[in-house]
Amino acid sequence: MSSSTTSTTATTIEISFPSQDKSFNLYGDLTLPSTASEKTPVPALLIVSGSGPIDRHGNVSGFFTGITFNTHNQLAQQILLFFKQNNSNSNSKRSVAVLAYDKRGVGKSQKEQDKDLYYQAGVQDLVSDAVQAVKYLVHHPSIDEGSIFVVGHSEGAILMPLIFQQVQQQHEELPSPLKGCIFLAGLGEDVVSAMDCQRQRLLEEVNAETGWKGWILRQVLTKQRLDKQYQNMYDEVDKHPDLDVISQYCGMSKIPAKWFREHQQYQTPPWDAITCHCLAITGCKDLQVRSKFCQLEASRSLLSGAASVESHTPPNLTHILRSFEGEPKLLALKSDYARMGTLPLDDELVNIIGMWCDRILAC
């Protein structure tokens, strides 16, 4: 631990834990409520990020592609605030800790003399990092080792069945440390299907555009061209089955080949492995995944072995967990995300998560 920040209700400390093969450390921030101690350990939320070079704060790094969201910081702050306000209105004394970490190859989670650590990561690598984070929380003296919630956002939600399965395998003779799984914008999806849906939505928007802008877009963004770009990328990945990273244009462009390859193979998640309480939330204005899996009947069908299932589709919630008034468009996604990134998280989302955690912890 090399740094910390303190408020009247919580302390945020920098922590680290080893990768599964112990070849490098992953770094993150653990936010602990003021009530947390060895004598009074608290439950914890572990945030598992979506795809892309995302740091512990929920920001996307990159000179051209970087966007500041502060999603993880805000979630930690607002969940702790929820419990503080909830406690003042009831006899409850509950609160939670929150851990978020830099993905491998991002921020301080680096491996010496390995500049491609982020691009080399595959599905199993990302899952093992999350499992290592759970292990860190289980052994932390101020954390209740039997009350850990995994909060998977986007790809983090897609990988949740594997994360839960591997945590269970490491605790076969003990009660599971996982009290609950929270799926944010990803229940029921796989990366390949999500990318297919995004291309289809983009084409629908292009065809709906009018005037000169619509005409120009239809010359550039055709189904044939988009499908060819997609197929060319996968052909390149298949051409080099032994490469984790494919470097192009003198190293200026890199394809995370292992990541694409393993996601192609991961289209039948072990849903029956999940036996804890589950909460699923996908917004109706999410353009990157489909909200249909968060209809209660669909989510209960997927999570048939779960102790309980609750699902929500907030009407204005987007993929980056902010509200959006009006009709969102993939054609304006980057500018909309940059603007929404300056806004607070959706109030309904925070209240749903807070109230659900409070109910599950009371069981």
# chains A, B, ... in the order shown; residues from 1 in each chain; ligands from 1
$ residues_around --residues "stretch 132-135 of chain A" --least-positions-apart "5" --cutoff "8 Å" --atoms "only C-alpha atoms" --output "NGL selection string"
:A and (17-20 or 46 or 148 or 167)
$ write_last_selection --atoms "C-alpha atoms" --output "mmCIF file, in the first residue's frame"
data_model
loop_
_atom_site.group_PDB
_atom_site.id
_atom_site.type_symbol
_atom_site.label_atom_id
_atom_site.label_comp_id
_atom_site.auth_asym_id
_atom_site.auth_seq_id
_atom_site.Cartn_x
_atom_site.Cartn_y
_atom_site.Cartn_z
ATOM 1 C CA PHE A 17 -2.184 -8.528 -5.140
ATOM 2 C CA PRO A 18 -0.204 -11.016 -7.250
ATOM 3 C CA SER A 19 -1.297 -12.433 -10.578
ATOM 4 C CA GLN A 20 -2.091 -16.134 -10.529
ATOM 5 C CA LEU A 46 -15.418 -6.204 -6.197
ATOM 6 C CA ILE A 148 -18.275 -10.649 -1.081
ATOM 7 C CA VAL A 167 -13.856 -19.183 -7.054
#
$ residues_around --residues "A:Asp358" --least-positions-apart "5" --cutoff "12 Å" --atoms "only C-alpha atoms" --output "ChimeraX atom specification"
/A:43,79-80,82-84,86-87,90,92-96,147,149,179-180,351-353,363
$ write_last_selection --atoms "N, CA, C and O atoms" --output "PDB file, in the first residue's frame"
ATOM      1  N   PRO A  43     -18.833  -6.363   4.552  1.00  0.00           N
ATOM      2  CA  PRO A  43     -18.943  -6.962   3.209  1.00  0.00           C
ATOM      3  C   PRO A  43     -18.170  -6.120   2.196  1.00  0.00           C
ATOM      4  O   PRO A  43     -17.800  -4.964   2.477  1.00  0.00           O
ATOM      5  N   ILE A  79     -22.285   4.267  -3.334  1.00  0.00           N
ATOM      6  CA  ILE A  79     -22.780   3.123  -2.561  1.00  0.00           C
ATOM      7  C   ILE A  79     -22.532   3.348  -1.078  1.00  0.00           C
ATOM      8  O   ILE A  79     -23.413   3.067  -0.236  1.00  0.00           O
ATOM      9  N   LEU A  80     -21.363   3.863  -0.713  1.00  0.00           N
ATOM     10  CA  LEU A  80     -21.098   4.162   0.698  1.00  0.00           C
ATOM     11  C   LEU A  80     -22.042   5.246   1.209  1.00  0.00           C
ATOM     12  O   LEU A  80     -22.516   5.179   2.353  1.00  0.00           O
ATOM     13  N   PHE A  82     -25.049   5.801   0.049  1.00  0.00           N
ATOM     14  CA  PHE A  82     -26.363   5.152   0.175  1.00  0.00           C
ATOM     15  C   PHE A  82     -26.495   4.500   1.544  1.00  0.00           C
ATOM     16  O   PHE A  82     -27.509   4.672   2.231  1.00  0.00           O
ATOM     17  N   PHE A  83     -25.498   3.725   1.941  1.00  0.00           N
ATOM     18  CA  PHE A  83     -25.582   3.019   3.218  1.00  0.00           C
ATOM     19  C   PHE A  83     -25.553   3.984   4.397  1.00  0.00           C
ATOM     20  O   PHE A  83     -26.244   3.761   5.401  1.00  0.00           O
ATOM     21  N   LYS A  84     -24.803   5.062   4.273  1.00  0.00           N
ATOM     22  CA  LYS A  84     -24.783   6.057   5.349  1.00  0.00           C
ATOM     23  C   LYS A  84     -26.173   6.661   5.537  1.00  0.00           C
ATOM     24  O   LYS A  84     -26.675   6.779   6.664  1.00  0.00           O
ATOM     25  N   ASN A  86     -29.010   5.357   4.459  1.00  0.00           N
ATOM     26  CA  ASN A  86     -29.930   4.290   4.833  1.00  0.00           C
ATOM     27  C   ASN A  86     -29.833   3.998   6.326  1.00  0.00           C
ATOM     28  O   ASN A  86     -30.853   3.786   6.998  1.00  0.00           O
ATOM     29  N   ASN A  87     -28.630   4.016   6.858  1.00  0.00           N
ATOM     30  CA  ASN A  87     -28.431   3.744   8.282  1.00  0.00           C
ATOM     31  C   ASN A  87     -29.041   4.835   9.155  1.00  0.00           C
ATOM     32  O   ASN A  87     -29.570   4.558  10.236  1.00  0.00           O
ATOM     33  N   SER A  90     -32.766   4.195   9.546  1.00  0.00           N
ATOM     34  CA  SER A  90     -33.198   2.909  10.095  1.00  0.00           C
ATOM     35  C   SER A  90     -32.284   2.516  11.246  1.00  0.00           C
ATOM     36  O   SER A  90     -31.379   3.252  11.625  1.00  0.00           O
ATOM     37  N   SER A  92     -30.339  -0.002  10.981  1.00  0.00           N
ATOM     38  CA  SER A  92     -29.251  -0.756  10.360  1.00  0.00           C
ATOM     39  C   SER A  92     -27.918  -0.054  10.572  1.00  0.00           C
ATOM     40  O   SER A  92     -27.835   1.172  10.628  1.00  0.00           O
ATOM     41  N   LYS A  93     -26.856  -0.824  10.690  1.00  0.00           N
ATOM     42  CA  LYS A  93     -25.505  -0.286  10.804  1.00  0.00           C
ATOM     43  C   LYS A  93     -24.622  -0.817   9.685  1.00  0.00           C
ATOM     44  O   LYS A  93     -23.402  -0.812   9.786  1.00  0.00           O
ATOM     45  N   ARG A  94     -25.241  -1.292   8.613  1.00  0.00           N
ATOM     46  CA  ARG A  94     -24.468  -1.923   7.554  1.00  0.00           C
ATOM     47  C   ARG A  94     -23.738  -0.917   6.684  1.00  0.00           C
ATOM     48  O   ARG A  94     -24.193   0.210   6.476  1.00  0.00           O
ATOM     49  N   SER A  95     -22.600  -1.366   6.145  1.00  0.00           N
ATOM     50  CA  SER A  95     -21.883  -0.631   5.120  1.00  0.00           C
ATOM     51  C   SER A  95     -21.050  -1.631   4.340  1.00  0.00           C
ATOM     52  O   SER A  95     -20.994  -2.816   4.703  1.00  0.00           O
ATOM     53  N   VAL A  96     -20.426  -1.192   3.272  1.00  0.00           N
ATOM     54  CA  VAL A  96     -19.637  -2.105   2.440  1.00  0.00           C
ATOM     55  C   VAL A  96     -18.326  -1.436   2.027  1.00  0.00           C
ATOM     56  O   VAL A  96     -18.225  -0.209   1.968  1.00  0.00           O
ATOM     57  N   SER A 147     -19.020 -12.542   2.699  1.00  0.00           N
ATOM     58  CA  SER A 147     -19.994 -11.571   2.164  1.00  0.00           C
ATOM     59  C   SER A 147     -19.360 -10.705   1.086  1.00  0.00           C
ATOM     60  O   SER A 147     -19.280  -9.472   1.196  1.00  0.00           O
ATOM     61  N   PHE A 149     -19.400  -9.528  -2.902  1.00  0.00           N
ATOM     62  CA  PHE A 149     -20.234  -9.392  -4.095  1.00  0.00           C
ATOM     63  C   PHE A 149     -19.324  -9.046  -5.271  1.00  0.00           C
ATOM     64  O   PHE A 149     -18.510  -8.121  -5.174  1.00  0.00           O
ATOM     65  N   LYS A 179     -21.264 -13.886  -1.868  1.00  0.00           N
ATOM     66  CA  LYS A 179     -22.649 -13.713  -1.412  1.00  0.00           C
ATOM     67  C   LYS A 179     -23.569 -13.390  -2.582  1.00  0.00           C
ATOM     68  O   LYS A 179     -24.747 -13.749  -2.579  1.00  0.00           O
ATOM     69  N   GLY A 180     -23.025 -12.669  -3.566  1.00  0.00           N
ATOM     70  CA  GLY A 180     -23.866 -12.265  -4.683  1.00  0.00           C
ATOM     71  C   GLY A 180     -23.085 -11.881  -5.915  1.00  0.00           C
ATOM     72  O   GLY A 180     -21.895 -11.568  -5.852  1.00  0.00           O
ATOM     73  N   ASN A 351     -29.511   3.263  -6.394  1.00  0.00           N
ATOM     74  CA  ASN A 351     -30.524   2.863  -5.410  1.00  0.00           C
ATOM     75  C   ASN A 351     -30.875   1.384  -5.526  1.00  0.00           C
ATOM     76  O   ASN A 351     -31.053   0.696  -4.513  1.00  0.00           O
ATOM     77  N   ILE A 352     -30.967   0.886  -6.755  1.00  0.00           N
ATOM     78  CA  ILE A 352     -31.272  -0.540  -6.949  1.00  0.00           C
ATOM     79  C   ILE A 352     -30.169  -1.394  -6.329  1.00  0.00           C
ATOM     80  O   ILE A 352     -30.437  -2.351  -5.592  1.00  0.00           O
ATOM     81  N   ILE A 353     -28.912  -1.050  -6.630  1.00  0.00           N
ATOM     82  CA  ILE A 353     -27.790  -1.833  -6.097  1.00  0.00           C
ATOM     83  C   ILE A 353     -27.747  -1.752  -4.581  1.00  0.00           C
ATOM     84  O   ILE A 353     -27.604  -2.770  -3.891  1.00  0.00           O
ATOM     85  N   CYS A 363     -30.362 -11.225   4.899  1.00  0.00           N
ATOM     86  CA  CYS A 363     -30.853 -12.619   4.876  1.00  0.00           C
ATOM     87  C   CYS A 363     -30.152 -13.459   5.944  1.00  0.00           C
ATOM     88  O   CYS A 363     -28.943 -13.332   6.144  1.00  0.00           O
TER      89      CYS A 363
END
$ residues_around --residues "stretch 106-118 of chain A" --least-positions-apart "2" --cutoff "9 Å" --atoms "only C-alpha atoms" --output "count of residues only"
21
$ atom_distance --atom1 "atom CA of A:Trp271" --atom2 "atom CA of A:Gly156"
14.5 Å
$ residues_around --residues "A:Gln124" --least-positions-apart "6" --cutoff "10 Å" --atoms "only C-alpha atoms" --output "PyMOL selection string"
chain A and resi 130+159+162-163+258-259+262-263
$ write_last_selection --atoms "all heavy atoms" --output "tab-separated table (two decimals), in the first residue's frame"
chain	number	residue	atom	x	y	z
A	130	ALA	N	-9.54	-11.60	-11.67
A	130	ALA	CA	-10.70	-11.36	-10.80
A	130	ALA	C	-10.71	-12.33	-9.63
A	130	ALA	O	-11.03	-11.95	-8.49
A	130	ALA	CB	-11.99	-11.47	-11.61
A	159	LEU	N	-18.13	-12.44	-18.20
A	159	LEU	CA	-17.21	-13.43	-17.64
A	159	LEU	C	-17.63	-13.93	-16.26
A	159	LEU	O	-16.98	-14.83	-15.71
A	159	LEU	CB	-15.80	-12.83	-17.54
A	159	LEU	CG	-15.16	-12.38	-18.85
A	159	LEU	CD1	-13.76	-11.84	-18.59
A	159	LEU	CD2	-15.11	-13.52	-19.87
A	162	LEU	N	-17.69	-17.76	-15.33
A	162	LEU	CA	-16.37	-18.36	-15.18
A	162	LEU	C	-15.71	-17.94	-13.87
A	162	LEU	O	-15.05	-18.74	-13.20
A	162	LEU	CB	-15.47	-17.98	-16.36
A	162	LEU	CG	-15.67	-18.74	-17.67
A	162	LEU	CD1	-14.72	-18.20	-18.73
A	162	LEU	CD2	-15.46	-20.23	-17.49
A	163	ILE	N	-15.88	-16.66	-13.52
A	163	ILE	CA	-15.30	-16.16	-12.26
A	163	ILE	C	-15.90	-16.91	-11.09
A	163	ILE	O	-15.17	-17.42	-10.21
A	163	ILE	CB	-15.55	-14.64	-12.12
A	163	ILE	CG1	-14.81	-13.87	-13.22
A	163	ILE	CG2	-15.12	-14.15	-10.74
A	163	ILE	CD1	-15.20	-12.41	-13.32
A	258	LYS	N	-5.34	-13.41	-28.83
A	258	LYS	CA	-5.74	-14.41	-27.83
A	258	LYS	C	-7.11	-14.07	-27.26
A	258	LYS	O	-7.95	-14.96	-27.05
A	258	LYS	CB	-4.69	-14.45	-26.72
A	258	LYS	CG	-4.96	-15.46	-25.63
A	258	LYS	CD	-3.86	-15.38	-24.58
A	258	LYS	CE	-4.07	-16.36	-23.44
A	258	LYS	NZ	-3.03	-16.23	-22.40
A	259	TRP	N	-7.35	-12.79	-27.01
A	259	TRP	CA	-8.63	-12.33	-26.46
A	259	TRP	C	-9.77	-12.66	-27.41
A	259	TRP	O	-10.79	-13.23	-27.02
A	259	TRP	CB	-8.55	-10.83	-26.20
A	259	TRP	CG	-9.75	-10.22	-25.56
A	259	TRP	CD1	-10.03	-10.13	-24.23
A	259	TRP	CD2	-10.85	-9.57	-26.23
A	259	TRP	NE1	-11.21	-9.48	-24.02
A	259	TRP	CE2	-11.74	-9.13	-25.23
A	259	TRP	CE3	-11.15	-9.32	-27.56
A	259	TRP	CZ2	-12.93	-8.44	-25.54
A	259	TRP	CZ3	-12.32	-8.64	-27.87
A	259	TRP	CH2	-13.20	-8.22	-26.86
A	262	GLU	N	-10.27	-16.59	-27.67
A	262	GLU	CA	-10.91	-17.20	-26.51
A	262	GLU	C	-12.37	-16.77	-26.37
A	262	GLU	O	-13.20	-17.54	-25.89
A	262	GLU	CB	-10.11	-16.90	-25.24
A	262	GLU	CG	-8.76	-17.62	-25.23
A	262	GLU	CD	-8.02	-17.48	-23.92
A	262	GLU	OE1	-8.53	-16.84	-22.98
A	262	GLU	OE2	-6.90	-18.04	-23.83
A	263	HIS	N	-12.70	-15.55	-26.79
A	263	HIS	CA	-14.10	-15.13	-26.75
A	263	HIS	C	-14.92	-15.88	-27.81
A	263	HIS	O	-16.11	-16.14	-27.60
A	263	HIS	CB	-14.23	-13.63	-26.93
A	263	HIS	CG	-14.31	-12.88	-25.63
A	263	HIS	ND1	-15.33	-13.07	-24.72
A	263	HIS	CD2	-13.47	-11.97	-25.08
A	263	HIS	CE1	-15.13	-12.29	-23.67
A	263	HIS	NE2	-14.01	-11.63	-23.85
$ closest_residue --among "A:Gln169, A:Gln231, A:Gln288, A:Thr71" --to "A:Met195" --atoms "only C-alpha atoms"
A:Gln288
$ closest_residue --among "A:Asp286, A:Asp244, A:Asp238, A:Asp272" --to "A:Gly122" --atoms "only C-alpha atoms"
A:Asp244
$ select_by_dssp --residues "stretch 58-294 of chain A" --states "alpha helix (DSSP H)" --output "ChimeraX atom specification"
/A:71-88,117-120,123-138,155-158,160-170,191-208,211-220,223-239,257-265
$ closest_residue --among "A:Ile281, A:Leu126, A:Leu32, A:Ile182" --to "A:Phe293" --atoms "only C-alpha atoms"
A:Ile281
$ select_by_dssp --residues "stretch 18-242 of chain A" --states "strand (DSSP E)" --output "number ranges by chain"
A: 18, 25-33, 42-48, 97-101, 143-153, 178-184
$ write_last_selection --atoms "N, CA and C atoms" --output "tab-separated table (two decimals), in the first residue's frame"
chain	number	residue	atom	x	y	z
A	18	PRO	N	-0.96	-10.39	-6.16
A	18	PRO	CA	-0.20	-11.02	-7.25
A	18	PRO	C	-1.10	-11.63	-8.31
A	25	ASN	N	2.30	-7.87	-10.19
A	25	ASN	CA	1.24	-7.48	-9.26
A	25	ASN	C	0.19	-6.63	-9.95
A	26	LEU	N	-1.06	-6.81	-9.54
A	26	LEU	CA	-2.13	-5.92	-9.98
A	26	LEU	C	-2.39	-4.93	-8.85
A	27	TYR	N	-2.62	-3.67	-9.22
A	27	TYR	CA	-2.83	-2.60	-8.24
A	27	TYR	C	-4.25	-2.07	-8.35
A	28	GLY	N	-4.76	-1.63	-7.22
A	28	GLY	CA	-6.10	-1.06	-7.22
A	28	GLY	C	-6.34	-0.20	-6.00
A	29	ASP	N	-7.57	0.23	-5.85
A	29	ASP	CA	-8.00	1.03	-4.70
A	29	ASP	C	-9.06	0.26	-3.92
A	30	LEU	N	-8.86	0.19	-2.61
A	30	LEU	CA	-9.84	-0.41	-1.71
A	30	LEU	C	-10.41	0.71	-0.86
A	31	THR	N	-11.71	0.93	-1.00
A	31	THR	CA	-12.40	1.95	-0.20
A	31	THR	C	-13.08	1.26	0.97
A	32	LEU	N	-12.65	1.62	2.19
A	32	LEU	CA	-13.16	0.99	3.41
A	32	LEU	C	-13.99	2.00	4.20
A	33	PRO	N	-15.20	1.63	4.61
A	33	PRO	CA	-15.98	2.54	5.47
A	33	PRO	C	-15.28	2.69	6.83
A	42	VAL	N	-16.44	-5.90	7.27
A	42	VAL	CA	-17.59	-5.48	6.46
A	42	VAL	C	-17.65	-6.27	5.16
A	43	PRO	N	-18.83	-6.36	4.55
A	43	PRO	CA	-18.94	-6.96	3.21
A	43	PRO	C	-18.17	-6.12	2.20
A	44	ALA	N	-17.94	-6.69	1.03
A	44	ALA	CA	-17.19	-5.97	0.00
A	44	ALA	C	-17.78	-6.19	-1.38
A	45	LEU	N	-17.70	-5.14	-2.20
A	45	LEU	CA	-18.04	-5.22	-3.61
A	45	LEU	C	-16.73	-5.21	-4.40
A	46	LEU	N	-16.58	-6.17	-5.30
A	46	LEU	CA	-15.42	-6.20	-6.20
A	46	LEU	C	-15.89	-5.84	-7.59
A	47	ILE	N	-15.32	-4.78	-8.16
A	47	ILE	CA	-15.72	-4.35	-9.51
A	47	ILE	C	-14.80	-4.99	-10.54
A	48	VAL	N	-15.40	-5.70	-11.50
A	48	VAL	CA	-14.67	-6.30	-12.61
A	48	VAL	C	-15.04	-5.52	-13.87
A	97	ALA	N	-17.35	-2.27	1.74
A	97	ALA	CA	-16.10	-1.82	1.12
A	97	ALA	C	-16.21	-2.03	-0.38
A	98	VAL	N	-15.38	-1.32	-1.15
A	98	VAL	CA	-15.38	-1.48	-2.61
A	98	VAL	C	-13.94	-1.57	-3.10
A	99	LEU	N	-13.67	-2.60	-3.91
A	99	LEU	CA	-12.34	-2.77	-4.52
A	99	LEU	C	-12.45	-2.70	-6.03
A	100	ALA	N	-11.61	-1.87	-6.63
A	100	ALA	CA	-11.49	-1.82	-8.09
A	100	ALA	C	-10.00	-1.80	-8.42
A	101	TYR	N	-9.62	-2.44	-9.51
A	101	TYR	CA	-8.20	-2.56	-9.82
A	101	TYR	C	-7.90	-2.21	-11.27
A	143	ILE	N	-12.43	-7.34	6.03
A	143	ILE	CA	-13.48	-7.76	5.12
A	143	ILE	C	-14.14	-9.04	5.64
A	144	ASP	N	-15.46	-9.06	5.61
A	144	ASP	CA	-16.22	-10.27	5.96
A	144	ASP	C	-16.05	-11.27	4.82
A	145	GLU	N	-15.27	-12.32	5.07
A	145	GLU	CA	-14.88	-13.24	4.00
A	145	GLU	C	-16.05	-14.03	3.39
A	146	GLY	N	-17.20	-14.01	4.04
A	146	GLY	CA	-18.35	-14.72	3.49
A	146	GLY	C	-19.37	-13.82	2.85
A	147	SER	N	-19.02	-12.54	2.70
A	147	SER	CA	-19.99	-11.57	2.16
A	147	SER	C	-19.36	-10.71	1.09
A	148	ILE	N	-18.90	-11.35	0.04
A	148	ILE	CA	-18.27	-10.65	-1.08
A	148	ILE	C	-19.22	-10.69	-2.28
A	149	PHE	N	-19.40	-9.53	-2.90
A	149	PHE	CA	-20.23	-9.39	-4.10
A	149	PHE	C	-19.32	-9.05	-5.27
A	150	VAL	N	-19.47	-9.77	-6.37
A	150	VAL	CA	-18.73	-9.42	-7.59
A	150	VAL	C	-19.65	-8.59	-8.48
A	151	VAL	N	-19.17	-7.40	-8.85
A	151	VAL	CA	-19.93	-6.49	-9.72
A	151	VAL	C	-19.26	-6.49	-11.08
A	152	GLY	N	-19.84	-7.20	-12.04
A	152	GLY	CA	-19.26	-7.27	-13.37
A	152	GLY	C	-19.95	-6.30	-14.31
A	153	HIS	N	-19.15	-5.42	-14.92
A	153	HIS	CA	-19.72	-4.46	-15.88
A	153	HIS	C	-19.32	-4.86	-17.29
A	178	LEU	N	-18.58	-15.87	-2.01
A	178	LEU	CA	-19.39	-15.00	-2.85
A	178	LEU	C	-20.85	-15.01	-2.40
A	179	LYS	N	-21.26	-13.89	-1.87
A	179	LYS	CA	-22.65	-13.71	-1.41
A	179	LYS	C	-23.57	-13.39	-2.58
A	180	GLY	N	-23.02	-12.67	-3.57
A	180	GLY	CA	-23.87	-12.26	-4.68
A	180	GLY	C	-23.08	-11.88	-5.92
A	181	CYS	N	-23.76	-11.92	-7.05
A	181	CYS	CA	-23.21	-11.47	-8.33
A	181	CYS	C	-24.12	-10.37	-8.87
A	182	ILE	N	-23.50	-9.28	-9.29
A	182	ILE	CA	-24.25	-8.15	-9.85
A	182	ILE	C	-23.82	-7.98	-11.30
A	183	PHE	N	-24.74	-8.22	-12.21
A	183	PHE	CA	-24.47	-8.12	-13.65
A	183	PHE	C	-24.91	-6.74	-14.14
A	184	LEU	N	-23.97	-5.92	-14.52
A	184	LEU	CA	-24.29	-4.60	-15.06
A	184	LEU	C	-24.01	-4.59	-16.56
$ residues_around --residues "A:Ala306" --least-positions-apart "6" --cutoff "6 Å" --atoms "only C-alpha atoms" --output "compact mmCIF listing (two decimals) with all heavy atoms, in the first residue's frame"
# COMPACT_ATOMS: atom_id res chain seq x y z
N ILE A 274 -23.51 -20.85 -11.10
CA ILE A 274 -23.83 -19.73 -10.21
C ILE A 274 -24.97 -20.13 -9.27
O ILE A 274 -26.09 -20.39 -9.70
CB ILE A 274 -24.21 -18.48 -11.02
CG1 ILE A 274 -23.00 -18.03 -11.86
CG2 ILE A 274 -24.66 -17.36 -10.09
CD1 ILE A 274 -23.26 -16.81 -12.70
N THR A 275 -24.67 -20.13 -7.97
CA THR A 275 -25.66 -20.55 -6.97
C THR A 275 -25.94 -19.46 -5.93
O THR A 275 -26.74 -19.69 -5.02
CB THR A 275 -25.15 -21.81 -6.24
OG1 THR A 275 -23.85 -21.54 -5.68
CG2 THR A 275 -25.06 -22.99 -7.18
N CYS A 276 -25.31 -18.31 -6.06
CA CYS A 276 -25.51 -17.24 -5.08
C CYS A 276 -26.69 -16.36 -5.48
O CYS A 276 -27.38 -16.62 -6.48
CB CYS A 276 -24.24 -16.40 -4.96
SG CYS A 276 -23.83 -15.52 -6.49
N HIS A 277 -26.94 -15.29 -4.74
CA HIS A 277 -27.98 -14.31 -5.09
C HIS A 277 -27.49 -13.48 -6.29
O HIS A 277 -26.30 -13.14 -6.37
CB HIS A 277 -28.26 -13.40 -3.90
CG HIS A 277 -28.77 -14.14 -2.70
ND1 HIS A 277 -30.07 -14.56 -2.58
CD2 HIS A 277 -28.13 -14.54 -1.56
CE1 HIS A 277 -30.23 -15.18 -1.42
NE2 HIS A 277 -29.07 -15.20 -0.79
$ residues_around --residues "A:Leu302" --least-positions-apart "2" --cutoff "9 Å" --atoms "only C-alpha atoms" --output "PyMOL selection string"
chain A and resi 187-188+271-272+293+297-300+304-305
$ closest_residue --among "A:His319, A:Lys285, A:Val123, A:Leu361" --to "A:Gln265" --atoms "only C-alpha atoms"
A:Val123
$ atom_distance --atom1 "atom CA of A:Val237" --atom2 "atom CA of A:Ile158"
21.5 Å
$ closest_residue --among "A:Thr268, A:Ser301, A:Ser51, A:Ser311" --to "A:Ala157" --atoms "only C-alpha atoms"
A:Ser51
$ closest_residue --among "A:Gln77, A:Arg359, A:Ile67, A:Gly58" --to "A:Ala338" --atoms "only C-alpha atoms"
A:Ile67
$ residues_around --residues "A:Gln78" --least-positions-apart "5" --cutoff "10 Å" --atoms "only C-alpha atoms" --output "PyMOL selection string"
chain A and resi 72-73+83-84+344-345+347+350-351+354
$ atom_distance --atom1 "atom CA of A:Leu349" --atom2 "atom CA of A:Arg322"
8.7 Å
